[in-house]
>>> print(open('final04.tsv').read())   # TSV, C-alpha atoms
chain	number	residue	atom	x	y	z
A	1	LYS	CA	49.65	40.33	-58.96
A	2	PRO	CA	46.03	40.61	-57.78
A	3	ILE	CA	44.47	37.53	-56.25
A	4	THR	CA	41.45	36.35	-58.19
A	5	SER	CA	38.93	33.72	-57.34
A	6	TYR	CA	36.62	31.62	-59.42
A	7	ALA	CA	33.67	33.78	-58.33
A	8	SER	CA	35.45	37.03	-59.19
A	9	ASN	CA	35.38	36.00	-62.85
A	10	TYR	CA	31.66	36.74	-62.83
A	11	ASN	CA	32.60	40.44	-62.67
A	12	LEU	CA	34.09	40.16	-66.16
A	13	PHE	CA	30.90	39.53	-68.15
A	14	ASP	CA	27.16	40.23	-68.28
A	15	ILE	CA	25.91	37.06	-70.00
A	16	LEU	CA	26.70	33.49	-69.03
A	17	ILE	CA	26.27	30.76	-71.64
A	18	ALA	CA	25.92	27.19	-70.44
A	19	PRO	CA	25.79	24.68	-73.27
A	20	LEU	CA	25.44	21.10	-72.18
A	21	LYS	CA	25.68	18.03	-74.38
A	22	GLU	CA	22.80	15.65	-73.86
A	23	SER	CA	24.26	12.59	-72.10
A	24	ASN	CA	23.61	10.38	-69.09
A	25	PHE	CA	26.50	12.01	-67.22
A	26	ASN	CA	25.21	15.54	-67.85
A	27	LYS	CA	21.65	14.49	-67.01
A	28	VAL	CA	22.63	14.22	-63.33
A	29	LYS	CA	24.65	17.43	-63.05
A	30	SER	CA	23.49	20.14	-60.68
A	31	GLN	CA	22.13	23.56	-61.61
A	32	LEU	CA	25.14	25.26	-60.02
A	33	LYS	CA	25.71	27.53	-63.05
A	34	VAL	CA	22.10	28.72	-62.78
A	35	ILE	CA	22.53	29.48	-59.08
A	36	GLU	CA	25.87	31.24	-59.58
A	37	ALA	CA	24.53	33.33	-62.46
A	38	GLY	CA	21.54	34.30	-60.31
A	39	PHE	CA	23.53	35.36	-57.27
A	40	HIS	CA	25.89	37.36	-59.46
A	41	LYS	CA	22.95	38.94	-61.32
A	42	LYS	CA	24.02	37.73	-64.75
A	43	ALA	CA	21.83	36.92	-67.73
A	44	LEU	CA	21.91	33.24	-68.62
A	45	ILE	CA	21.52	31.34	-71.87
A	46	ALA	CA	21.49	27.62	-71.10
A	47	GLN	CA	20.83	24.28	-72.74
A	48	ASP	CA	17.23	23.13	-72.27
A	49	PHE	CA	18.39	19.93	-70.62
A	50	GLY	CA	18.79	18.30	-67.24
A	51	ALA	CA	19.35	20.42	-64.18
A	52	TYR	CA	19.23	23.67	-66.15
A	53	GLN	CA	15.48	23.15	-66.46
A	54	ILE	CA	14.87	23.16	-62.69
A	55	ASP	CA	14.80	26.86	-61.85
A	56	ILE	CA	14.59	28.42	-65.30
A	57	LYS	CA	11.57	30.14	-66.75
A	58	ASN	CA	12.34	30.80	-70.40
A	59	ILE	CA	12.03	34.47	-71.36
A	60	TYR	CA	11.95	33.47	-75.04
A	61	GLN	CA	8.65	31.98	-76.15
A	62	ARG	CA	7.76	30.17	-79.36
A	63	GLY	CA	7.14	32.55	-82.19
A	64	GLY	CA	9.65	35.04	-80.81
A	65	GLU	CA	7.45	36.52	-78.09
A	66	LEU	CA	9.26	37.57	-74.92
A	67	ASP	CA	7.90	36.83	-71.45
A	68	LEU	CA	9.51	39.49	-69.28
A	69	THR	CA	8.83	37.41	-66.17
A	70	GLY	CA	11.32	34.84	-67.49
A	71	ASN	CA	14.74	34.56	-65.90
A	72	ALA	CA	16.90	33.04	-68.68
A	73	ILE	CA	16.89	31.70	-72.21
A	74	LEU	CA	16.73	27.96	-72.73
A	75	ILE	CA	18.07	26.64	-76.03
A	76	PRO	CA	16.52	23.36	-77.23
A	77	THR	CA	19.04	20.54	-77.50
A	78	ASN	CA	18.30	20.06	-81.21
A	79	LYS	CA	19.35	23.63	-82.13
A	80	ASN	CA	22.74	24.48	-83.57
A	81	ASN	CA	25.24	27.24	-82.80
A	82	LYS	CA	23.38	29.72	-85.07
A	83	PHE	CA	20.42	29.57	-82.69
A	84	TRP	CA	22.72	30.24	-79.73
A	85	PHE	CA	24.32	33.13	-81.60
A	86	ARG	CA	20.93	34.63	-82.51
A	87	HIS	CA	19.87	34.77	-78.87
A	88	LEU	CA	23.22	36.07	-77.66
A	89	LYS	CA	23.08	38.79	-80.31
A	90	MET	CA	19.52	39.67	-79.25
A	91	LEU	CA	20.73	40.31	-75.69
A	92	VAL	CA	23.69	42.37	-76.85
A	93	GLU	CA	21.36	44.50	-78.97
A	94	LYS	CA	18.81	44.81	-76.14
A	95	PRO	CA	20.83	45.33	-72.96
A	96	GLU	CA	17.66	46.09	-71.01
A	97	LEU	CA	16.78	42.38	-71.37
A	98	ILE	CA	20.08	41.47	-69.72
A	99	LYS	CA	19.10	43.50	-66.67
A	100	ILE	CA	15.57	42.05	-66.58
A	101	MET	CA	16.76	38.46	-66.88
A	102	ALA	CA	19.55	38.97	-64.35
A	103	GLU	CA	17.19	40.50	-61.78
A	104	ASN	CA	14.56	37.79	-62.35
A	105	LEU	CA	17.16	35.03	-61.97
A	106	TYR	CA	18.50	36.64	-58.80
A	107	ASN	CA	14.96	36.72	-57.39
A	108	THR	CA	14.57	33.03	-58.27
A	109	VAL	CA	17.68	31.83	-56.42
A	110	ASN	CA	17.82	34.33	-53.55
A	111	GLY	CA	16.11	32.88	-50.50
A	112	ARG	CA	16.14	29.40	-52.01
A	113	TYR	CA	19.84	28.64	-52.33
A	114	ASP	CA	21.53	31.05	-49.93
A	115	MET	CA	23.31	29.46	-46.95
A	116	LYS	CA	20.62	30.38	-44.45
A	117	ALA	CA	17.88	28.71	-46.51
A	118	VAL	CA	20.01	25.63	-47.27
A	119	CYS	CA	21.01	25.20	-43.62
A	120	GLU	CA	17.38	25.55	-42.51
A	121	LYS	CA	16.33	22.80	-44.96
A	122	ARG	CA	19.15	20.55	-43.73
A	123	LYS	CA	18.21	21.15	-40.10
A	124	ASN	CA	14.57	20.28	-40.80
A	125	LEU	CA	15.62	17.14	-42.67
A	126	TYR	CA	17.87	16.02	-39.80
A	127	ILE	CA	15.09	16.65	-37.25
A	128	LYS	CA	12.65	14.64	-39.39
A	129	LEU	CA	15.10	11.75	-39.79
A	130	ILE	CA	15.87	11.63	-36.06
A	131	LYS	CA	12.15	11.69	-35.23
A	132	GLU	CA	11.47	8.84	-37.68
A	133	LYS	CA	14.37	6.83	-36.26
A	134	LYS	CA	13.12	7.32	-32.69
A	135	GLU	CA	9.60	6.27	-33.69
A	136	SER	CA	11.01	3.19	-35.44
A	137	LEU	CA	13.03	2.25	-32.35
A	138	VAL	CA	9.99	2.65	-30.09
A	139	GLU	CA	7.87	0.47	-32.39
A	140	ASN	CA	10.54	-2.24	-32.38
A	141	VAL	CA	10.68	-2.24	-28.56
A	142	ILE	CA	6.90	-2.50	-28.13
>>> encode(input="final04.tsv", output="structure tokens")
Amino acid sequence: KPITSYASNYNLFDILIAPLKESNFNKVKSQLKVIEAGFHKKALIAQDFGAYQIDIKNIYQRGGELDLTGNAILIPTNKNNKFWFRHLKMLVEKPELIKIMAENLYNTVNGRYDMKAVCEKRKNLYIKLIKEKKESLVENVI
């Protein structure tokens, strides 16, 4: 039996859907699904809510216009499953949009959320905190 991992499941599809019910709990969730979809170069249709709004530039504009610099589709929280289906169907019928969105999302997360970038941000934060603590200690001694 082949060993599979959570991440290997991303090889099984081209489009990730991430509905999210509007609630206080979901308001504080991370954008992990956005980051994972980006690194795996998958198109993303997500709820226009909470953390999913952080890194997403909606490819779908009001009136049906498409902004090909967008990296995902955001579905307003007041829309029903027919709206989700319509956008999913649009991607299936226009596979070139899947590739565009996937590449744009990859470009959004790459260099921002990879381990090297995250570790560099942490290092800089730790250096800043240590410097502030030292300055505070010196002020208290003087």
>>> atom_distance(input="final04.tsv", atom1="CA of Gly38 (chain A)", atom2="CA of Leu105 (chain A)")
4.7 Å
>>> closest_residue(input="final04.tsv", among="A:Ala7, A:Met115, A:Ala43, A:Ala37", to="Leu91 (chain A)", atoms="all atoms listed in the file")
A:Ala43
>>> residues_around(input="final04.tsv", residues="region 58-63 of chain A", least_positions_apart="4", cutoff="9 Å", atoms="only C-alpha atoms", output="VMD selection string")
chain A and resid 67 to 74 87 101
>>> atom_distance(input="final04.tsv", atom1="CA of Lys27 (chain A)", atom2="CA of Val92 (chain A)")
29.6 Å
>>> atom_distance(input="final04.tsv", atom1="CA of Glu22 (chain A)", atom2="CA of Asn81 (chain A)")
14.8 Å
>>> closest_residue(input="final04.tsv", among="A:Ala18, A:Cys119, A:Val28, A:Leu44", to="Lys99 (chain A)", atoms="all atoms listed in the file")
A:Leu44
>>> residues_near_point(input="final04.tsv", point="(21.5, 39.2, -57.6)", cutoff="9 Å", atoms="only C-alpha atoms", output="PyMOL selection string")
chain A and resi 37-42+102-107+109-110
>>> closest_residue(input="final04.tsv", among="A:Leu32, A:Leu137, A:Leu88, A:Leu125", to="Ile45 (chain A)", atoms="only C-alpha atoms")
A:Leu88
>>> residues_around(input="final04.tsv", residues="region 51-55 of chain A", least_positions_apart="2", cutoff="6 Å", atoms="all atoms listed in the file", output="list in words")
Ser30, Gln31 and Phe49 of chain A
>>> closest_residue(input="final04.tsv", among="A:Lys21, A:Lys79, A:Lys57, A:Lys123", to="Thr108 (chain A)", atoms="only C-alpha atoms")
A:Lys57
